[in-house]
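Presented below is the structure to which this report refers.
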Amino acid sequence: MLQSLKEIKILMLQVLFDFLGCIIMDCKKEENKKNCACTYEHCSRKGICCECIAFHRARDEMPACYFTPDGEKEYDRSIAAFIKNYQDNKANRLYKKK
Ligand code: SF4
């Protein structure tokens with residue numbers, strides 16, 4: 001829930017920057033789709049990472065690629081679910097960098 005006009009302005013600026021980033025930079029949609037961790041195949045934002053992030057951030061959520069494979073399949077993208085998924089799996093070192 002948005003609290004104030006200031007928060008709305010900040011959110012609008014974030015979305016604008018995401019949008020401009022997509023225009024200025026070459027979108028690598030097809031390349032991104034090959035590495036996308038999201039199993040929701042019908043999403044129109046799949047491979048367009050800037051839209052994916054903006055969509056979930058506006059809902060106080062995290063994109064699929066921040067979750068473990070099992071956590072992602074729950075389709076609960078809330079920050080609370082992300083924190084739980086991270087804490088439950090941190091010891092297993094599932095967040096290894098490539
Ligand atoms: S994480 Fe969300 S916005 Fe991104 S591709 Fe999956 S369903 Fe779409």
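In the structure tokens, each chain is lettered A, B, ... as it comes, each chain's residues begin at 1, and ligands are numbered from 1 in order of appearance.
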Please check which protein, DNA or RNA residues sit within 7 Å of ligand 1, counting only C-alpha atoms and all ligand atoms, and write them as a tab-separated table (two decimals) with C-alpha atoms, in the first residue's frame.
chain	number	residue	atom	x	y	z
A	38	CYS	CA	10.61	-18.25	-14.00
A	39	THR	CA	8.41	-21.27	-14.74
A	40	TYR	CA	5.33	-19.13	-15.49
A	43	CYS	CA	4.02	-14.09	-18.80
A	44	SER	CA	4.40	-11.28	-21.36
A	45	ARG	CA	7.35	-9.88	-19.36
A	46	LYS	CA	9.44	-13.06	-19.61
A	47	GLY	CA	12.89	-12.09	-20.88
A	49	CYS	CA	13.97	-8.12	-17.08
A	51	GLU	CA	9.58	-4.89	-16.89
A	52	CYS	CA	9.71	-8.01	-14.72
A	53	ILE	CA	11.49	-6.14	-11.91
A	55	PHE	CA	6.11	-5.30	-12.13
A	56	HIS	CA	7.09	-7.17	-9.00
A	63	PRO	CA	11.23	-11.61	-9.42
A	64	ALA	CA	11.44	-15.38	-9.84
A	65	CYS	CA	15.20	-15.40	-10.37
* To do: Rounded to one decimal place, report the atom CA of Lys9 of chain A-atom CA of Ser78 of chain A distance in Å.
  =>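 It comes out at 22.3 Å.
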* **Residue neighbourhood Gly71 of chain A, 10 Å, only C-alpha atoms, exclusion window fewer than 3 positions, as an NGL selection string** => :A and (64 or 66-68 or 74-77 or 81-82 or 84-86 or 88-89)
With N, CA and C atoms retained, export the selected residues as a CSV table (one decimal), in the first residue's frame.
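Listed below is the output, out_0.csv:
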chain,number,residue,atom,x,y,z
A,64,ALA,N,11.2,-13.9,-10.0
A,64,ALA,CA,11.4,-15.4,-9.8
A,64,ALA,C,12.9,-15.7,-9.7
A,66,TYR,N,15.2,-14.6,-8.0
A,66,TYR,CA,15.8,-14.5,-6.7
A,66,TYR,C,15.5,-15.7,-5.8
A,67,PHE,N,14.6,-16.6,-6.3
A,67,PHE,CA,14.2,-17.7,-5.5
A,67,PHE,C,15.0,-19.0,-5.9
A,68,THR,N,15.1,-20.0,-5.0
A,68,THR,CA,15.6,-21.3,-5.4
A,68,THR,C,14.6,-21.9,-6.4
A,74,GLU,N,6.5,-22.1,-6.0
A,74,GLU,CA,5.4,-21.8,-5.1
A,74,GLU,C,4.6,-20.6,-5.7
A,75,TYR,N,5.2,-19.9,-6.6
A,75,TYR,CA,4.5,-18.7,-7.1
A,75,TYR,C,4.2,-17.6,-6.1
A,76,ASP,N,4.8,-17.7,-4.9
A,76,ASP,CA,4.6,-16.6,-3.9
A,76,ASP,C,5.8,-15.7,-4.1
A,77,ARG,N,5.7,-14.6,-4.7
A,77,ARG,CA,6.8,-13.7,-5.0
A,77,ARG,C,7.0,-12.6,-3.9
A,81,ALA,N,8.2,-14.2,1.5
A,81,ALA,CA,8.5,-15.6,1.0
A,81,ALA,C,9.9,-15.6,0.5
A,82,PHE,N,10.4,-14.5,-0.1
A,82,PHE,CA,11.8,-14.5,-0.5
A,82,PHE,C,12.7,-14.7,0.7
A,84,LYS,N,12.1,-16.0,3.6
A,84,LYS,CA,12.0,-17.3,4.2
A,84,LYS,C,12.8,-18.3,3.3
A,85,ASN,N,12.6,-18.2,1.9
A,85,ASN,CA,13.3,-19.1,1.0
A,85,ASN,C,14.8,-18.9,1.1
A,86,TYR,N,15.2,-17.7,1.3
A,86,TYR,CA,16.7,-17.4,1.4
A,86,TYR,C,17.2,-18.0,2.7
A,88,ASP,N,16.0,-20.4,4.6
A,88,ASP,CA,15.9,-21.8,4.6
A,88,ASP,C,16.9,-22.5,3.8
A,89,ASN,N,17.4,-21.8,2.8
A,89,ASN,CA,18.4,-22.4,1.8
A,89,ASN,C,19.8,-21.9,1.9
* Residue neighbourhood Asn32 of chain A, 8 Å, only C-alpha atoms, exclusion window fewer than 2 positions, as a ChimeraX atom specification -> /A:28-30,34-36,47-49
